[in-house]
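Worksheet: one structure, shown below.
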Amino acid sequence: MDLRQIRYFLAVAAEGSFSRAANTLHMTQPPLSLAIGQLEKELGVRLLDRHPHGVSCTEAGAFLVTQGTQLLKRTRRIEDQLRDMGNGTAGQLQLAAVPSFSWSYLTPLLNRFSLEAPGSVVELSDPTPQEALNQLAAGTIDIAIVATGNAKALQGAYENELSVTPLQEMPLVAALPPSFRDAPDPIDMSSLMGETWLLPQLYPRFPGLPELVNEAWTKLGRHPSRIRTVSTLQTAIPLIAAGMGIGVMPDSVSQMAGSHLVVRRFVQPITPLQGCLVSSLRHARSPAVQKFIDMALGGARP
């Protein structure tokens, strides 16, 4: 039994006549009658009772009408889903994004993607930058969006493995405890050298925020006496809010903390982070993944 035979049978059952069904199907009656006869022979059951003025369904035929109609509907849904997957409007997208990017910059992109690819399912995770790159290399995620201090250096570290494309600059600000509410804006970095600075950990193949802050200290000619390493920027927020140190963060992250942090610009210029889209050069991309990449890069700003 195949879908063609089911379609033929449903047409005959609906019309109650081989001749009228043949007209509906734009075919002649003999091959239609032959196809239904072959179907009954294959199944070993009579589906239609033949009468001088038409046909009617047997019990088995009525069962096939119900089940066959549902089967064709499911088949059409499968066909539509496969077409959507082919043009990128449906499918799975495994996306890893650092919170410093996703809290602000990623939302508009996801909104647009959900409108243009309504059948797609986005799985979003927030691993450390190094773990995100490892997952890309292993093929367990499709795209990573990371915040790096040097996109060119990151690309060079993963040449022939990953593609790194800048999406958005992420200006950096001082994130201070509530006790700094009277601090000037902008604030001189040298006035903070006596504080404990909370910085994310260094990764060997990932130039990030620590390198940018160290660069600013070197230009200033001064380094703080106390530096504490935290696993991620978001883990530093409650520590800063509790008065246990200060930090440097993208302005979008510090704004998310609201009144728990005091945010100040720096007098000294500090190189911004770059939000970058990273994808694998070794794993095939589905149409949905490619659509997301095209959308992201189409709206990228240096």
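Within each chain, counting starts at residue 1; across the structure tokens, chains are named A, B, ... in the order shown, with ligands numbered 1 upward in that order.
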
Residues flagged strand (DSSP E) by DSSP in region 199-261 of chain A, as a list in words: Leu199, Pro200, Arg226, Ile227, Arg228, Thr229, Val230, Ile246, Gly247, Val248, Met249 and Pro250 of chain A

Shell around Met249 (chain A) at 10 Å using only C-alpha atoms, local window under 6 positions removed, as a ChimeraX atom specification: /A:100,170-175,199,209,233-234,236-237,255,263,272-273

For Leu261 (chain A): contacts at 6 Å, only C-alpha atoms, fewer than 5 positions along chain excluded, given as a ChimeraX atom specification: /A:176-178,241

Would you save the residues from that selection as a CSV table (one decimal), in the first residue's frame, using C-alpha atoms?
chain,number,residue,atom,x,y,z
A,176,LEU,CA,31.6,49.7,41.6
A,177,PRO,CA,29.9,48.9,45.0
A,178,PRO,CA,27.0,51.1,46.3
A,241,ALA,CA,27.4,44.6,45.1

Give me, as a tab-separated table, the closest atom pair and its distance (Å, one decimal) for every residue of region 247-277 of chain A within a cut-off of 10 Å of region 142-166 of chain A, counting only C-alpha atoms, rows sorted by chain and rising number.
residue	atom	partner	partner_atom	distance
A:Pro250	CA	A:Ala147	CA	9.5
A:Thr271	CA	A:Gly149	CA	7.7
A:Pro272	CA	A:Gly149	CA	7.0
A:Leu273	CA	A:Gly149	CA	4.8
A:Gln274	CA	A:Thr148	CA	5.3
A:Gly275	CA	A:Ala147	CA	4.4
A:Cys276	CA	A:Pro166	CA	4.2
A:Leu277	CA	A:Ile145	CA	4.6

Could you take the residues named above and write them with N, CA, C and O atoms, as a short mmCIF file (atom, residue, chain, number, x, y, z; two decimals), in the first residue's frame?
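Written out: result_36.cif:
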data_model
loop_
_atom_site.label_atom_id
_atom_site.label_comp_id
_atom_site.auth_asym_id
_atom_site.auth_seq_id
_atom_site.Cartn_x
_atom_site.Cartn_y
_atom_site.Cartn_z
N PRO A 250 31.21 45.21 30.38
CA PRO A 250 30.47 45.90 29.32
C PRO A 250 29.32 46.69 29.93
O PRO A 250 28.70 46.25 30.92
N THR A 271 40.08 49.96 25.58
CA THR A 271 39.63 49.27 24.38
C THR A 271 38.37 48.45 24.68
O THR A 271 38.34 47.71 25.66
N PRO A 272 37.32 48.58 23.86
CA PRO A 272 36.09 47.82 24.13
C PRO A 272 36.24 46.35 23.78
O PRO A 272 37.12 45.97 22.98
N LEU A 273 35.43 45.54 24.39
CA LEU A 273 35.30 44.16 23.95
C LEU A 273 34.59 44.12 22.61
O LEU A 273 33.88 45.06 22.22
N GLN A 274 34.76 43.02 21.90
CA GLN A 274 34.05 42.80 20.64
C GLN A 274 33.18 41.54 20.77
O GLN A 274 33.69 40.46 21.07
N GLY A 275 31.90 41.73 20.57
CA GLY A 275 31.02 40.57 20.48
C GLY A 275 31.19 39.95 19.11
O GLY A 275 31.01 40.61 18.09
N CYS A 276 31.58 38.67 19.07
CA CYS A 276 31.90 38.01 17.80
C CYS A 276 31.06 36.75 17.61
O CYS A 276 30.81 36.00 18.57
N LEU A 277 30.66 36.53 16.40
CA LEU A 277 30.00 35.27 16.03
C LEU A 277 31.07 34.29 15.57
O LEU A 277 31.88 34.62 14.71
#

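For the atom pair formed by CA of Leu71 (chain A) and CA of Arg4 (chain A), the distance is 11.9 Å, given to one decimal.
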
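Considering only C-alpha atoms, the residue among A:Val278, A:Asp188, A:Gln130, A:Gln290 positioned nearest to Arg205 (chain A) is A:Gln130.
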
Atom pair CA of Phe63 (chain A) / CA of Arg50 (chain A): separation (Å): 17.4 Å

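Each of A:Gly194, A:Pro30, A:Gly61, A:Pro52 was compared to Ala14 (chain A) using only C-alpha atoms, and A:Gly61 turns out to be the nearest.
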
Nearest candidate to Asp2 (chain A) (options A:Asn23, A:Gln38, A:Asn111, A:Thr128; using only C-alpha atoms): A:Gln38

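For the set A:Arg74, A:Gly16, A:Val122, A:Pro207, the residue with the smallest atom-to-atom gap to His51 (chain A) is A:Gly16, counting only C-alpha atoms.
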
Residue neighbourhood Val45 (chain A), 10 Å, only C-alpha atoms, exclusion window fewer than 6 positions, as JSON, numbers by chain: {"A": [39, 58, 59, 60, 61]}

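Remark: for Ser120 (chain A), the closest of the candidate residues A:Met27, A:Leu297, A:Met193, A:Val289 is A:Val289 (distances computed over only C-alpha atoms).
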
Within 10 Å of region 6-12 of chain A using only C-alpha atoms, minus same-chain residues under 2 positions, as an MDAnalysis selection string: chainID A and resid 1:4 14:25 32:33 35:37 39 47:48 54:57 61:62 64:69 71:72

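Comparing the minimum interatomic distances between Ile227 (chain A) and each of A:Ile270, A:Leu202, A:Trp197, A:Gly247, counting only C-alpha atoms, we find that A:Trp197 sits nearest.
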